[in-house]
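**Student:** Supplied structure: structure_37.pdb, PDB, C-alpha atoms.
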```pdb
ATOM      1  CA  MET A   1       0.000   0.000   0.000
ATOM      2  CA  SER A   2       2.823   2.374   0.888
ATOM      3  CA  ASN A   3       6.554   2.179   1.252
ATOM      4  CA  PRO A   4       8.194   1.611   4.615
ATOM      5  CA  ILE A   5       8.793   4.796   6.575
ATOM      6  CA  GLN A   6      12.079   5.421   8.331
ATOM      7  CA  TYR A   7      12.546   7.614  11.386
ATOM      8  CA  ASP A   8      15.673   8.451  13.341
ATOM      9  CA  PRO A   9      15.406   9.014  17.097
ATOM     10  CA  ILE A  10      15.875  12.692  18.014
ATOM     11  CA  GLY A  11      16.954  11.952  21.572
ATOM     12  CA  VAL A  12      16.421   9.601  24.470
ATOM     13  CA  ILE A  13      14.134   9.473  27.508
ATOM     14  CA  ARG A  14      15.816   8.867  30.869
ATOM     15  CA  THR A  15      13.658   7.483  33.676
ATOM     16  CA  PRO A  16      14.121   5.553  36.937
ATOM     17  CA  PHE A  17      12.686   2.421  35.271
ATOM     18  CA  ASP A  18      15.435   0.014  34.224
ATOM     19  CA  ASP A  19      12.968  -2.801  33.951
ATOM     20  CA  PRO A  20       9.497  -2.502  32.374
ATOM     21  CA  ASN A  21       8.290  -5.050  34.894
ATOM     22  CA  GLY A  22       6.686  -3.115  37.772
ATOM     23  CA  MET A  23       6.668   0.238  35.925
ATOM     24  CA  PRO A  24       3.530   2.417  36.216
ATOM     25  CA  ILE A  25       1.347   1.669  33.211
ATOM     26  CA  GLN A  26       0.282   5.231  32.364
ATOM     27  CA  PRO A  27       1.161   8.619  33.830
ATOM     28  CA  ALA A  28      -2.406   9.117  35.224
ATOM     29  CA  GLY A  29      -1.920  12.112  37.453
ATOM     30  CA  GLU A  30       0.767  14.599  38.274
ATOM     31  CA  SER A  31       2.229  12.555  41.078
ATOM     32  CA  ALA A  32       3.932   9.980  38.908
ATOM     33  CA  ALA A  33       7.650   9.557  38.356
ATOM     34  CA  ARG A  34      10.020  12.203  37.049
ATOM     35  CA  GLY A  35      12.206  11.725  34.034
ATOM     36  CA  THR A  36      14.364  13.680  31.626
ATOM     37  CA  ILE A  37      13.898  14.034  27.898
ATOM     38  CA  GLU A  38      17.376  14.428  26.439
ATOM     39  CA  LEU A  39      17.019  15.939  22.995
ATOM     40  CA  ASN A  40      20.013  15.702  20.669
ATOM     41  CA  ASP A  41      21.896  19.026  20.867
ATOM     42  CA  ASP A  42      21.186  19.804  17.191
ATOM     43  CA  TYR A  43      17.492  20.260  17.940
ATOM     44  CA  GLU A  44      17.777  22.533  20.991
ATOM     45  CA  ALA A  45      16.490  25.631  19.140
ATOM     46  CA  GLY A  46      13.213  23.799  18.546
ATOM     47  CA  LEU A  47      12.416  23.847  22.285
ATOM     48  CA  SER A  48      11.828  27.628  22.445
ATOM     49  CA  ASP A  49       8.347  28.577  23.662
ATOM     50  CA  LEU A  50       7.622  25.053  24.946
ATOM     51  CA  GLU A  51       8.155  26.061  28.585
ATOM     52  CA  GLU A  52       4.976  28.195  28.427
ATOM     53  CA  PHE A  53       2.936  25.014  28.005
ATOM     54  CA  SER A  54       2.044  22.990  31.082
ATOM     55  CA  HIS A  55       2.143  19.650  29.246
ATOM     56  CA  CYS A  56       3.583  18.065  26.148
ATOM     57  CA  ILE A  57       2.860  14.947  24.131
ATOM     58  CA  VAL A  58       5.860  12.657  23.850
ATOM     59  CA  LEU A  59       6.074  10.112  21.049
ATOM     60  CA  TYR A  60       8.635   7.333  21.380
ATOM     61  CA  HIS A  61       9.569   3.885  20.145
ATOM     62  CA  PHE A  62       8.770   0.940  22.430
ATOM     63  CA  HIS A  63      12.246  -0.584  22.208
ATOM     64  CA  VAL A  64      12.016  -3.392  24.768
ATOM     65  CA  GLY A  65       8.763  -5.001  23.709
ATOM     66  CA  ASP A  66       8.037  -8.240  22.025
ATOM     67  CA  ASP A  67       8.027  -7.984  18.224
ATOM     68  CA  ASP A  68       5.275 -10.588  18.126
ATOM     69  CA  TYR A  69       2.081  -8.752  18.889
ATOM     70  CA  SER A  70      -1.374 -10.217  19.315
ATOM     71  CA  LEU A  71      -4.432  -8.596  17.704
ATOM     72  CA  ARG A  72      -6.349  -9.693  20.846
ATOM     73  CA  PRO A  73      -4.042  -9.041  23.833
ATOM     74  CA  THR A  74      -5.127  -9.035  27.468
ATOM     75  CA  PRO A  75      -4.276  -5.515  28.646
ATOM     76  CA  PHE A  76      -2.760  -4.755  32.069
ATOM     77  CA  LEU A  77      -6.061  -3.242  33.194
ATOM     78  CA  ASP A  78      -8.275  -6.154  32.321
ATOM     79  CA  ASP A  79      -8.567  -9.903  32.624
ATOM     80  CA  THR A  80     -10.091 -10.497  29.230
ATOM     81  CA  ASP A  81      -8.662 -10.046  25.753
ATOM     82  CA  ARG A  82      -9.472  -6.866  23.821
ATOM     83  CA  GLY A  83      -8.935  -5.661  20.277
ATOM     84  CA  LEU A  84      -5.337  -4.389  20.055
ATOM     85  CA  PHE A  85      -6.394  -0.975  18.724
ATOM     86  CA  ALA A  86      -8.748  -0.589  21.706
ATOM     87  CA  THR A  87      -5.733  -0.955  24.029
ATOM     88  CA  ARG A  88      -2.523   0.936  24.705
ATOM     89  CA  ALA A  89      -0.473  -2.286  24.709
ATOM     90  CA  PRO A  90       3.159  -1.616  23.680
ATOM     91  CA  SER A  91       3.386  -4.606  21.316
ATOM     92  CA  ARG A  92       1.657  -3.448  18.111
ATOM     93  CA  PRO A  93       2.392  -3.365  14.360
ATOM     94  CA  ASN A  94       4.113   0.032  14.684
ATOM     95  CA  PRO A  95       5.205   0.194  18.331
ATOM     96  CA  ILE A  96       4.896   3.958  18.763
ATOM     97  CA  GLY A  97       4.204   5.040  22.338
ATOM     98  CA  LEU A  98       2.446   8.221  23.384
ATOM     99  CA  SER A  99       2.425   9.880  26.801
ATOM    100  CA  VAL A 100       1.028  13.202  27.954
ATOM    101  CA  VAL A 101       3.524  14.506  30.531
ATOM    102  CA  ALA A 102       3.835  17.637  32.675
ATOM    103  CA  ILE A 103       6.737  19.956  31.834
ATOM    104  CA  GLU A 104       8.660  20.797  35.023
ATOM    105  CA  SER A 105      11.579  22.727  33.513
ATOM    106  CA  ILE A 106      13.690  23.043  30.380
ATOM    107  CA  ASP A 107      17.450  23.467  30.534
ATOM    108  CA  GLY A 108      19.228  23.595  27.172
ATOM    109  CA  PRO A 109      18.288  20.432  25.267
ATOM    110  CA  GLU A 110      16.888  18.723  28.392
ATOM    111  CA  ILE A 111      13.271  18.734  29.563
ATOM    112  CA  THR A 112      12.467  17.567  33.080
ATOM    113  CA  VAL A 113       8.983  16.065  33.069
ATOM    114  CA  SER A 114       6.692  14.294  35.501
ATOM    115  CA  GLY A 115       4.181  11.600  34.754
ATOM    116  CA  ILE A 116       6.557   9.637  32.545
ATOM    117  CA  ASP A 117       5.914   5.917  32.234
ATOM    118  CA  VAL A 118       8.572   4.526  29.932
ATOM    119  CA  VAL A 119      11.651   2.378  30.313
ATOM    120  CA  ASP A 120      14.981   4.160  30.746
ATOM    121  CA  ARG A 121      16.733   5.002  27.445
ATOM    122  CA  THR A 122      13.561   4.819  25.359
ATOM    123  CA  PRO A 123      14.244   6.351  21.895
ATOM    124  CA  LEU A 124      12.464   9.703  21.429
ATOM    125  CA  LEU A 125      10.582  10.300  18.154
ATOM    126  CA  ASP A 126       8.785  13.622  18.627
ATOM    127  CA  ILE A 127       7.631  16.243  21.119
ATOM    128  CA  LYS A 128       4.422  18.241  20.569
ATOM    129  CA  PRO A 129       2.766  20.853  22.770
ATOM    130  CA  PHE A 130      -0.382  19.582  24.490
ATOM    131  CA  VAL A 131      -3.165  21.926  23.413
ATOM    132  CA  GLY A 132      -6.517  21.680  25.181
ATOM    133  CA  ALA A 133      -8.342  23.075  22.149
ATOM    134  CA  PHE A 134      -6.952  20.299  19.905
ATOM    135  CA  ASP A 135      -6.485  17.369  22.248
ATOM    136  CA  VAL A 136      -9.433  17.372  24.651
ATOM    137  CA  PRO A 137     -12.833  16.496  23.134
ATOM    138  CA  ALA A 138     -15.903  18.043  24.785
ATOM    139  CA  GLU A 139     -17.133  14.727  26.110
ATOM    140  CA  THR A 140     -15.584  11.280  25.975
ATOM    141  CA  THR A 141     -16.517   7.685  26.723
ATOM    142  CA  ASP A 142     -13.661   5.390  27.626
ATOM    143  CA  GLY A 143     -15.122   2.024  26.575
ATOM    144  CA  TRP A 144     -13.921  -0.975  28.572
ATOM    145  CA  ILE A 145     -11.486   1.202  30.507
ATOM    146  CA  ASP A 146     -14.344   3.173  32.100
ATOM    147  CA  SER A 147     -15.113   0.309  34.429
ATOM    148  CA  THR A 148     -11.485  -0.327  35.355
ATOM    149  CA  HIS A 149      -9.722   3.033  35.356
ATOM    150  CA  ALA A 150     -10.039   3.399  39.098
ATOM    151  CA  ASN A 151      -7.091   1.013  39.125
ATOM    152  CA  VAL A 152      -4.845   2.946  36.743
ATOM    153  CA  GLU A 153      -2.833   4.478  39.553
ATOM    154  CA  THR A 154      -2.191   1.237  41.366
ATOM    155  CA  THR A 155      -1.722  -1.133  38.429
ATOM    156  CA  ALA A 156       1.862  -1.823  37.403
ATOM    157  CA  ALA A 157       3.186  -3.427  34.245
ATOM    158  CA  ASP A 158       4.291  -7.032  34.190
ATOM    159  CA  ASP A 159       6.150  -9.050  31.591
ATOM    160  CA  ARG A 160       3.229  -9.941  29.316
ATOM    161  CA  PHE A 161       4.449  -7.765  26.447
ATOM    162  CA  LEU A 162       8.138  -8.591  26.826
ATOM    163  CA  GLU A 163      10.168 -11.044  24.824
ATOM    164  CA  GLN A 164       9.945 -14.345  26.701
TER     165      GLN A 164
ATOM    166  CA  MET B   1      22.513   7.235  19.612
ATOM    167  CA  SER B   2      20.108   4.678  18.200
ATOM    168  CA  ASN B   3      19.522   2.922  14.932
ATOM    169  CA  PRO B   4      16.933   4.099  12.422
ATOM    170  CA  ILE B   5      13.451   2.777  13.089
ATOM    171  CA  GLN B   6      11.295   1.427  10.282
ATOM    172  CA  TYR B   7       7.516   1.363  10.262
ATOM    173  CA  ASP B   8       5.104   0.056   7.664
ATOM    174  CA  PRO B   9       1.763   1.803   7.204
ATOM    175  CA  ILE B  10      -1.143  -0.307   8.516
ATOM    176  CA  GLY B  11      -3.729   1.420   6.346
ATOM    177  CA  VAL B  12      -4.675   4.716   4.799
ATOM    178  CA  ILE B  13      -6.826   7.691   5.819
ATOM    179  CA  ARG B  14      -9.406   8.863   3.284
ATOM    180  CA  THR B  15     -10.669  12.443   3.584
ATOM    181  CA  PRO B  16     -12.260  15.105   1.379
ATOM    182  CA  PHE B  17      -8.964  17.045   1.328
ATOM    183  CA  ASP B  18      -7.045  16.470  -1.889
ATOM    184  CA  ASP B  19      -4.939  19.513  -1.271
ATOM    185  CA  PRO B  20      -3.460  20.485   2.101
ATOM    186  CA  ASN B  21      -3.896  24.094   1.115
ATOM    187  CA  GLY B  22      -7.156  25.277   2.706
ATOM    188  CA  MET B  23      -7.589  22.186   4.917
ATOM    189  CA  PRO B  24      -8.727  22.746   8.528
ATOM    190  CA  ILE B  25      -5.612  22.904  10.712
ATOM    191  CA  GLN B  26      -6.827  20.812  13.652
ATOM    192  CA  PRO B  27     -10.066  18.920  14.341
ATOM    193  CA  ALA B  28     -11.103  21.371  17.146
ATOM    194  CA  GLY B  29     -14.666  20.355  17.756
ATOM    195  CA  GLU B  30     -17.015  17.637  16.674
ATOM    196  CA  SER B  31     -18.333  19.519  13.685
ATOM    197  CA  ALA B  32     -15.299  19.111  11.479
ATOM    198  CA  ALA B  33     -15.020  16.977   8.374
ATOM    199  CA  ARG B  34     -15.706  13.277   8.148
ATOM    200  CA  GLY B  35     -13.224  10.763   6.896
ATOM    201  CA  THR B  36     -12.611   7.036   6.777
ATOM    202  CA  ILE B  37      -9.739   5.124   8.288
ATOM    203  CA  GLU B  38      -9.150   2.127   6.039
ATOM    204  CA  LEU B  39      -7.165  -0.421   8.002
ATOM    205  CA  ASN B  40      -5.478  -3.189   6.030
ATOM    206  CA  ASP B  41      -7.716  -6.283   6.184
ATOM    207  CA  ASP B  42      -5.100  -8.276   8.114
ATOM    208  CA  TYR B  43      -5.572  -6.073  11.157
ATOM    209  CA  GLU B  44      -9.368  -6.074  11.338
ATOM    210  CA  ALA B  45      -9.507  -8.280  14.458
ATOM    211  CA  GLY B  46      -7.605  -5.539  16.334
ATOM    212  CA  LEU B  47     -10.595  -3.186  16.040
ATOM    213  CA  SER B  48     -12.825  -5.174  18.449
ATOM    214  CA  ASP B  49     -13.970  -3.149  21.463
ATOM    215  CA  LEU B  50     -12.929   0.168  19.873
ATOM    216  CA  GLU B  51     -16.515   1.112  19.045
ATOM    217  CA  GLU B  52     -17.256   1.488  22.790
ATOM    218  CA  PHE B  53     -14.885   4.465  22.892
ATOM    219  CA  SER B  54     -16.142   7.860  21.771
ATOM    220  CA  HIS B  55     -12.745   8.970  20.423
ATOM    221  CA  CYS B  56      -9.483   7.543  19.229
ATOM    222  CA  ILE B  57      -5.982   8.885  18.712
ATOM    223  CA  VAL B  58      -4.778   8.480  15.151
ATOM    224  CA  LEU B  59      -1.055   8.511  14.374
ATOM    225  CA  TYR B  60      -0.033   8.978  10.756
ATOM    226  CA  HIS B  61       2.841   9.977   8.504
ATOM    227  CA  PHE B  62       2.758  13.506   7.042
ATOM    228  CA  HIS B  63       3.429  12.372   3.487
ATOM    229  CA  VAL B  64       2.971  15.606   1.550
ATOM    230  CA  GLY B  65       5.095  17.936   3.648
ATOM    231  CA  ASP B  66       8.391  19.535   2.959
ATOM    232  CA  ASP B  67      11.346  17.392   4.089
ATOM    233  CA  ASP B  68      13.209  20.565   4.976
ATOM    234  CA  TYR B  69      11.883  21.632   8.329
ATOM    235  CA  SER B  70      12.766  24.759  10.270
ATOM    236  CA  LEU B  71      13.493  24.620  14.007
ATOM    237  CA  ARG B  72      11.766  28.033  14.186
ATOM    238  CA  PRO B  73       8.698  27.882  11.912
ATOM    239  CA  THR B  74       5.854  30.401  11.861
ATOM    240  CA  PRO B  75       2.778  28.298  12.698
ATOM    241  CA  PHE B  76      -0.601  28.724  10.972
ATOM    242  CA  LEU B  77      -2.029  30.214  14.169
ATOM    243  CA  ASP B  78       0.595  32.903  14.683
ATOM    244  CA  ASP B  79       2.525  35.610  12.903
ATOM    245  CA  THR B  80       5.790  35.091  14.701
ATOM    246  CA  ASP B  81       8.215  32.177  14.650
ATOM    247  CA  ARG B  82       8.074  29.613  17.448
ATOM    248  CA  GLY B  83      10.214  26.686  18.545
ATOM    249  CA  LEU B  84       9.266  23.710  16.342
ATOM    250  CA  PHE B  85       8.495  21.441  19.327
ATOM    251  CA  ALA B  86       6.110  24.090  20.688
ATOM    252  CA  THR B  87       4.106  23.823  17.426
ATOM    253  CA  ARG B  88       2.113  21.126  15.628
ATOM    254  CA  ALA B  89       3.735  22.004  12.286
ATOM    255  CA  PRO B  90       3.801  18.989   9.940
ATOM    256  CA  SER B  91       7.403  19.524   8.810
ATOM    257  CA  ARG B  92       9.539  18.087  11.637
ATOM    258  CA  PRO B  93      12.473  15.674  12.044
ATOM    259  CA  ASN B  94      10.083  12.704  12.330
ATOM    260  CA  PRO B  95       6.890  13.874  10.589
ATOM    261  CA  ILE B  96       4.429  11.892  12.704
ATOM    262  CA  GLY B  97       0.987  13.471  12.917
ATOM    263  CA  LEU B  98      -1.489  12.995  15.752
ATOM    264  CA  SER B  99      -5.214  13.740  15.740
ATOM    265  CA  VAL B 100      -7.894  13.044  18.311
ATOM    266  CA  VAL B 101     -11.002  12.118  16.308
ATOM    267  CA  ALA B 102     -14.567  11.079  17.125
ATOM    268  CA  ILE B 103     -15.541   7.507  16.195
ATOM    269  CA  GLU B 104     -18.830   7.525  14.253
ATOM    270  CA  SER B 105     -19.011   3.861  13.278
ATOM    271  CA  ILE B 106     -16.884   0.826  12.536
ATOM    272  CA  ASP B 107     -17.643  -1.504   9.644
ATOM    273  CA  GLY B 108     -15.188  -4.350   9.118
ATOM    274  CA  PRO B 109     -11.725  -2.820   8.723
ATOM    275  CA  GLU B 110     -13.127   0.703   8.179
ATOM    276  CA  ILE B 111     -13.694   3.356  10.824
ATOM    277  CA  THR B 112     -15.802   6.399   9.968
ATOM    278  CA  VAL B 113     -14.554   9.345  12.025
ATOM    279  CA  SER B 114     -15.277  13.028  12.343
ATOM    280  CA  GLY B 115     -12.864  15.798  13.161
ATOM    281  CA  ILE B 116     -10.212  14.509  10.769
ATOM    282  CA  ASP B 117      -7.752  17.089   9.449
ATOM    283  CA  VAL B 118      -5.380  15.260   7.141
ATOM    284  CA  VAL B 119      -4.802  15.064   3.418
ATOM    285  CA  ASP B 120      -6.536  12.249   1.520
ATOM    286  CA  ARG B 121      -4.525   8.994   1.382
ATOM    287  CA  THR B 122      -2.385   9.832   4.406
ATOM    288  CA  PRO B 123      -0.510   6.668   5.534
ATOM    289  CA  LEU B 124      -1.839   5.335   8.853
ATOM    290  CA  LEU B 125       0.681   4.307  11.534
ATOM    291  CA  ASP B 126      -1.389   3.478  14.610
ATOM    292  CA  ILE B 127      -4.791   3.774  16.281
ATOM    293  CA  LYS B 128      -5.135   4.035  20.058
ATOM    294  CA  PRO B 129      -8.241   4.480  22.211
ATOM    295  CA  PHE B 130      -8.562   7.983  23.658
ATOM    296  CA  VAL B 131      -8.728   7.522  27.429
ATOM    297  CA  GLY B 132      -9.655  10.503  29.573
ATOM    298  CA  ALA B 133      -7.797   9.088  32.562
ATOM    299  CA  PHE B 134      -4.533   8.900  30.571
ATOM    300  CA  ASP B 135      -4.823  11.701  28.074
ATOM    301  CA  VAL B 136      -6.442  14.639  29.844
ATOM    302  CA  PRO B 137      -4.330  16.343  32.538
ATOM    303  CA  ALA B 138      -6.219  17.972  35.425
ATOM    304  CA  GLU B 139      -5.276  21.483  34.373
ATOM    305  CA  THR B 140      -3.362  22.721  31.345
ATOM    306  CA  THR B 141      -1.800  25.914  30.043
ATOM    307  CA  ASP B 142      -1.534  26.207  26.285
ATOM    308  CA  GLY B 143       1.398  28.639  26.009
ATOM    309  CA  TRP B 144       1.340  30.886  22.938
ATOM    310  CA  ILE B 145      -1.747  29.126  21.595
ATOM    311  CA  ASP B 146      -3.859  30.333  24.553
ATOM    312  CA  SER B 147      -4.051  33.786  23.069
ATOM    313  CA  THR B 148      -4.831  32.585  19.556
ATOM    314  CA  HIS B 149      -6.947  29.433  19.853
ATOM    315  CA  ALA B 150     -10.170  31.322  19.377
ATOM    316  CA  ASN B 151      -9.138  31.202  15.732
ATOM    317  CA  VAL B 152      -8.552  27.465  15.495
ATOM    318  CA  GLU B 153     -11.927  26.808  13.948
ATOM    319  CA  THR B 154     -11.603  29.440  11.271
ATOM    320  CA  THR B 155      -7.929  29.143  10.405
ATOM    321  CA  ALA B 156      -7.086  27.004   7.385
ATOM    322  CA  ALA B 157      -3.749  25.636   6.292
ATOM    323  CA  ASP B 158      -1.758  27.294   3.529
ATOM    324  CA  ASP B 159       1.314  26.133   1.625
ATOM    325  CA  ARG B 160       3.974  27.196   4.111
ATOM    326  CA  PHE B 161       4.951  23.605   4.996
ATOM    327  CA  LEU B 162       4.712  22.218   1.474
ATOM    328  CA  GLU B 163       7.502  21.584  -0.958
ATOM    329  CA  GLN B 164       7.862  24.797  -2.976
TER     330      GLN B 164
END
```
Would you kindly transcribe this structure into structure tokens?

**Tutor:**
Amino acid sequence: MSNPIQYDPIGVIRTPFDDPNGMPIQPAGESAARGTIELNDDYEAGLSDLEEFSHCIVLYHFHVGDDDYSLRPTPFLDDTDRGLFATRAPSRPNPIGLSVVAIESIDGPEITVSGIDVVDRTPLLDIKPFVGAFDVPAETTDGWIDSTHANVETTAADDRFLEQ
Amino acid sequence: MSNPIQYDPIGVIRTPFDDPNGMPIQPAGESAARGTIELNDDYEAGLSDLEEFSHCIVLYHFHVGDDDYSLRPTPFLDDTDRGLFATRAPSRPNPIGLSVVAIESIDGPEITVSGIDVVDRTPLLDIKPFVGAFDVPAETTDGWIDSTHANVETTAADDRFLEQ
């Protein structure tokens, strides 16, 4: 249908999580772990004006996951299998991860953020400002997660999406 | 720092916009244009359970943009240059686009959505459920866009990010 697309990481995400096992599964709240987005020096000029935003969207490559994905995985938050595209499971055809994180400070090419839920040294693909007018619909329904999201803050990852 | 990453499109996004010039710049509201996400047939099983969500996040490759990006572009919504990573400009080191769209219906491997703001035949990279608990911070500040977002619904794209 289309040709393969090639991207080069523009930096790396540093977090306290050496091991995906036990990591928080989603930022869910401002209280979550701090991390540092280390942009390659060449791109530093592109960070101007970002500090005025409270949050940014971070896109990254899930680099520790299992290349074999299931179209019907059992997500961390559930005990039944769900359609892959109705989950945020890291093992997917194009394993691009997305997190909305709070910007704490920016120093040169480094952004200190909170609410980061990725493994240390995750390759960074893009940073976008989080814009309420674009990114927050007036009203949303969260499907199967509605009945389970009370557990988002206490549920940790396990090894189900890792190479066995 | 890391090796190049290769992704293969998993489908294509069909919209009424043949030409990026004049296209709405962001979905911004439920009233925007309708489009169809045509997933490759192989992935159809991954769409189960998605219909229960009101919105999904669509990741795609900006395929018509200019490969030469500026780290200080002038965004559609402003008349001054801004740091690239504080904008949603399509021309960026890894031209991955992100839109939050409303799910109207799902029929086999096709999702009808509204609030889609991409050029017809845009290559699809990923679909994720939009989850309020993950994707909507308690309180946000939209930086330079705060003072201009009243114009989001009436501002259209022009050719500034296209190959000249």

**Student:** List every residue of chain A that has an atom at most 7 Å from any atom of chain B, giving for each one its closest atom pair and the distance in Å to one decimal, counting only C-alpha atoms, sorted by chain and then by ascending residue number, as a Markdown table.

**Tutor:**
```
| residue | atom | partner | partner_atom | distance |
| --- | --- | --- | --- | --- |
| A:Ser2 | CA | B:Pro9 | CA | 6.4 |
| A:Asn3 | CA | B:Asp8 | CA | 6.9 |
| A:Pro4 | CA | B:Asp8 | CA | 4.6 |
| A:Ile5 | CA | B:Tyr7 | CA | 5.2 |
| A:Gln6 | CA | B:Gln6 | CA | 4.5 |
| A:Tyr7 | CA | B:Ile5 | CA | 5.2 |
| A:Asp8 | CA | B:Pro4 | CA | 4.6 |
| A:Pro9 | CA | B:Ser2 | CA | 6.5 |
| A:Gln26 | CA | B:Phe134 | CA | 6.3 |
| A:Pro27 | CA | B:Phe134 | CA | 6.6 |
| A:Ala28 | CA | B:Phe134 | CA | 5.1 |
| A:Gly29 | CA | B:Pro137 | CA | 6.9 |
| A:Ala45 | CA | B:Leu71 | CA | 6.0 |
| A:Gly46 | CA | B:Gly83 | CA | 4.2 |
| A:Leu47 | CA | B:Gly83 | CA | 5.2 |
| A:Ser48 | CA | B:Gly83 | CA | 4.3 |
| A:Asp49 | CA | B:Gly83 | CA | 5.8 |
| A:Leu50 | CA | B:Ala86 | CA | 4.6 |
| A:Glu52 | CA | B:Gly143 | CA | 4.3 |
| A:Phe53 | CA | B:Gly143 | CA | 4.4 |
| A:Ser54 | CA | B:Thr141 | CA | 4.9 |
| A:His55 | CA | B:Thr140 | CA | 6.6 |
| A:Leu71 | CA | B:Gly46 | CA | 4.6 |
| A:Arg72 | CA | B:Gly46 | CA | 6.3 |
| A:Arg82 | CA | B:Asp49 | CA | 6.3 |
| A:Gly83 | CA | B:Gly46 | CA | 4.2 |
| A:Leu84 | CA | B:Gly46 | CA | 4.5 |
| A:Phe85 | CA | B:Gly46 | CA | 5.3 |
| A:Ala86 | CA | B:Leu50 | CA | 4.6 |
| A:Thr87 | CA | B:Pro129 | CA | 6.3 |
| A:Arg88 | CA | B:Lys128 | CA | 6.2 |
| A:Asn94 | CA | B:Tyr7 | CA | 5.7 |
| A:Val100 | CA | B:Asp135 | CA | 6.0 |
| A:Leu125 | CA | B:Asn94 | CA | 6.3 |
| A:Asp126 | CA | B:Asn94 | CA | 6.5 |
| A:Ile127 | CA | B:Phe85 | CA | 5.6 |
| A:Lys128 | CA | B:Phe85 | CA | 5.3 |
| A:Pro129 | CA | B:Ala86 | CA | 5.1 |
| A:Phe130 | CA | B:Asp142 | CA | 7.0 |
| A:Val131 | CA | B:Asp142 | CA | 5.4 |
| A:Gly132 | CA | B:Asp142 | CA | 6.8 |
| A:Ala133 | CA | B:Ala28 | CA | 6.0 |
| A:Phe134 | CA | B:Ala28 | CA | 5.1 |
| A:Asp135 | CA | B:Val100 | CA | 6.0 |
| A:Val136 | CA | B:Val136 | CA | 6.6 |
| A:Pro137 | CA | B:Gly29 | CA | 6.9 |
| A:Thr140 | CA | B:Ser54 | CA | 5.4 |
| A:Thr141 | CA | B:Ser54 | CA | 5.0 |
| A:Asp142 | CA | B:Phe53 | CA | 5.0 |
| A:Gly143 | CA | B:Glu52 | CA | 4.4 |
| A:His149 | CA | B:Ala133 | CA | 6.9 |
```

**Student:** Exactly which residues make up the result of the PyMOL selection byres ((chain B and resi 76) around 9) on this file, given as a VMD selection string?

**Tutor:** chain B and resid 25 74 to 75 77 to 79 89 155 to 158 160

**Student:** Atom CA of Arg34 of chain A to atom CA of Val119 of chain A: how many Å, to one decimal?

**Tutor:**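 Between these atoms lies a distance of 12.0 Å.
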
**Student:** To one decimal place, how far is atom CA of Glu110 of chain A from atom CA of Thr36 of chain A in Å?

**Tutor:** 6.5 Å

**Student:** In Å, how far is it from atom CA of Thr112 of chain B to atom CA of Asp67 of chain A?

**Tutor:** 29.0 Å

**Student:** Would you list the contacts of Asp120 of chain B as a ChimeraX atom specification, taking every protein, DNA or RNA residue within 9 Å and counting all atoms listed in the file, but skipping same-chain residues closer than 5 positions in sequence?

**Tutor:** /B:12-20,35

**Student:** Please give the centre and size of the box around segment 71-74 of chain B (axis-aligned, containing every atom listed in the file, 8 Å added per side), with values in Å to one decimal and written as AutoDock Vina command-line options.

**Tutor:**
```
--center_x 9.7 --center_y 27.5 --center_z 13.0 --size_x 23.6 --size_y 21.8 --size_z 18.3
```

**Student:** Restricting the calculation to all atoms listed in the file, which member of B:Met23, B:Val64, B:Asp41, B:Ala33 is positioned closest to Gly108 of chain B?

**Tutor:** B:Asp41

**Student:** Show which residues sit within 7 Å of Ile111 of chain A, as a PDB file with C-alpha atoms, in the frame of the given file. Count all atoms listed in the file, and ignore same-chain residues fewer than 6 positions away.

**Tutor:**
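around34.pdb, written as the output of this step:
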```pdb
ATOM      1  CA  THR A  36      14.364  13.680  31.626  1.00  0.00           C
ATOM      2  CA  ILE A  37      13.898  14.034  27.898  1.00  0.00           C
ATOM      3  CA  GLU A  38      17.376  14.428  26.439  1.00  0.00           C
ATOM      4  CA  SER A 105      11.579  22.727  33.513  1.00  0.00           C
TER       5      SER A 105
END
```
